[in-house]
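Here the structure comes first, spelled out in structure tokens, and everything after it is commentary.
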Amino acid sequence: MSAPAASTGRLRRGWNYYRRYTKHRTGIHAAATAALTVFGLLAYFERGFVFVAIAAYLLPPIYLFLTGDDLAGDERTEARADRDTRNSAVEDADADADGTDGDADTDSDGRDTDTDSDGTDADTDTDGIDTDSDSDG
């Protein structure tokens, strides 16, 4: 591998890391950006603050990169959480509390499509003998 190709590969890895850093380390990136702003404003009074501002912005991602901060692990964790959320939504699409996929009812017995708790008919009462809404049978 030639020297220019090797340096291009390093720059590409660094750029890719920086993009992940801004997405996954938002608190650190926000603090570095605020420091850049503050020291940049102070550069109006003293030119030396220009270098401090640039260093305050560049040093955090460089330090994290050199110490081996694994931002790829964060992406895998996010992808796994997204997949788990999608799977649980598919597995339990009904609105009842029993969690069985074979029904679409709102009761807790999971055997039928009615809204009562006896599970033997399609009425709305609790005695299960007739189809009216009273409880006299």
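Within each chain, counting starts at residue 1; across the structure tokens, chains are named A, B, ... in the order shown, with ligands numbered 1 upward in that order.
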
Excluding Ala43 of chain A and its own-chain neighbours fewer than 6 positions away, which residues fall within 12 Å of it when counting only C-alpha atoms? Please give them as a PyMOL selection string.
chain A and resi 36-37+49-54

Next, the residues of the selection above should be written as a PDB file, in the first residue's frame with N, CA and C atoms.
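Saved as out17.pdb:
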```pdb
ATOM      1  N   LEU A  36     -15.493  25.942  22.117  1.00  0.00           N
ATOM      2  CA  LEU A  36     -15.028  26.599  20.890  1.00  0.00           C
ATOM      3  C   LEU A  36     -15.636  27.989  20.768  1.00  0.00           C
ATOM      4  N   THR A  37     -16.908  28.100  21.044  1.00  0.00           N
ATOM      5  CA  THR A  37     -17.599  29.389  20.951  1.00  0.00           C
ATOM      6  C   THR A  37     -17.062  30.385  21.977  1.00  0.00           C
ATOM      7  N   PHE A  49      -6.314  32.963  22.319  1.00  0.00           N
ATOM      8  CA  PHE A  49      -7.501  32.146  22.539  1.00  0.00           C
ATOM      9  C   PHE A  49      -7.963  31.414  21.275  1.00  0.00           C
ATOM     10  N   VAL A  50      -7.481  31.826  20.114  1.00  0.00           N
ATOM     11  CA  VAL A  50      -7.809  31.115  18.881  1.00  0.00           C
ATOM     12  C   VAL A  50      -7.316  29.671  18.980  1.00  0.00           C
ATOM     13  N   PHE A  51      -6.070  29.512  19.426  1.00  0.00           N
ATOM     14  CA  PHE A  51      -5.494  28.166  19.549  1.00  0.00           C
ATOM     15  C   PHE A  51      -6.185  27.356  20.651  1.00  0.00           C
ATOM     16  N   VAL A  52      -6.543  28.028  21.724  1.00  0.00           N
ATOM     17  CA  VAL A  52      -7.262  27.348  22.807  1.00  0.00           C
ATOM     18  C   VAL A  52      -8.636  26.888  22.308  1.00  0.00           C
ATOM     19  N   ALA A  53      -9.304  27.722  21.533  1.00  0.00           N
ATOM     20  CA  ALA A  53     -10.628  27.369  21.004  1.00  0.00           C
ATOM     21  C   ALA A  53     -10.540  26.156  20.083  1.00  0.00           C
ATOM     22  N   ILE A  54      -9.579  26.167  19.178  1.00  0.00           N
ATOM     23  CA  ILE A  54      -9.422  25.051  18.250  1.00  0.00           C
ATOM     24  C   ILE A  54      -9.071  23.774  19.013  1.00  0.00           C
TER      25      ILE A  54
END
```

I want to know what sits within 10 Å of segment 28-31 of chain A, based on only C-alpha atoms, with residues of the same chain fewer than 5 positions away left out; could you give that as an NGL selection string?
:A and (18 or 21-23 or 36-37 or 56-58 or 60-61)

Take the residues from that selection and write them out as an mmCIF file, in the first residue's frame, keeping N, CA and C atoms.
```cif
data_model
loop_
_atom_site.group_PDB
_atom_site.id
_atom_site.type_symbol
_atom_site.label_atom_id
_atom_site.label_comp_id
_atom_site.auth_asym_id
_atom_site.auth_seq_id
_atom_site.Cartn_x
_atom_site.Cartn_y
_atom_site.Cartn_z
ATOM 1 N N TYR A 18 -15.404 10.524 13.476
ATOM 2 C CA TYR A 18 -15.918 11.834 13.865
ATOM 3 C C TYR A 18 -17.434 11.908 13.658
ATOM 4 N N TYR A 21 -18.981 9.977 16.382
ATOM 5 C CA TYR A 21 -18.762 10.719 17.630
ATOM 6 C C TYR A 21 -19.822 11.814 17.792
ATOM 7 N N THR A 22 -20.094 12.563 16.734
ATOM 8 C CA THR A 22 -21.089 13.641 16.837
ATOM 9 C C THR A 22 -22.490 13.094 17.050
ATOM 10 N N LYS A 23 -22.744 11.857 16.607
ATOM 11 C CA LYS A 23 -24.067 11.263 16.772
ATOM 12 C C LYS A 23 -24.239 10.595 18.135
ATOM 13 N N LEU A 36 -15.493 25.942 22.117
ATOM 14 C CA LEU A 36 -15.028 26.599 20.890
ATOM 15 C C LEU A 36 -15.636 27.989 20.768
ATOM 16 N N THR A 37 -16.908 28.100 21.044
ATOM 17 C CA THR A 37 -17.599 29.389 20.951
ATOM 18 C C THR A 37 -17.062 30.385 21.977
ATOM 19 N N ALA A 56 -9.785 23.076 22.146
ATOM 20 C CA ALA A 56 -10.942 22.654 22.943
ATOM 21 C C ALA A 56 -11.946 21.882 22.102
ATOM 22 N N TYR A 57 -12.023 22.192 20.828
ATOM 23 C CA TYR A 57 -12.959 21.491 19.951
ATOM 24 C C TYR A 57 -12.379 20.180 19.423
ATOM 25 N N LEU A 58 -11.105 20.162 19.106
ATOM 26 C CA LEU A 58 -10.509 18.992 18.477
ATOM 27 C C LEU A 58 -10.006 17.924 19.446
ATOM 28 N N PRO A 60 -11.205 16.547 22.400
ATOM 29 C CA PRO A 60 -12.075 15.463 22.889
ATOM 30 C C PRO A 60 -12.255 14.297 21.907
ATOM 31 N N PRO A 61 -12.608 14.538 20.631
ATOM 32 C CA PRO A 61 -12.743 13.380 19.741
ATOM 33 C C PRO A 61 -11.408 12.688 19.460
#
```

Between atom CA of Phe45 of chain A and atom CA of Thr26 of chain A, what is the distance, to one decimal in Å?
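So the two atoms, atom CA of Phe45 of chain A and atom CA of Thr26 of chain A, lie 29.6 Å apart.
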
Give me the residues near segment 5-17 of chain A as a list in words, where near means some atom within 12 Å (using only C-alpha atoms) and where sequence neighbours in that chain fewer than 5 positions away do not count.
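Here the answer would be Thr22, Lys23, His24, Arg25, Pro61, Ile62, Tyr63, Leu64, Phe65, Leu66, Gly68, Asp69, Asp70, Leu71 and Ala72 of chain A.
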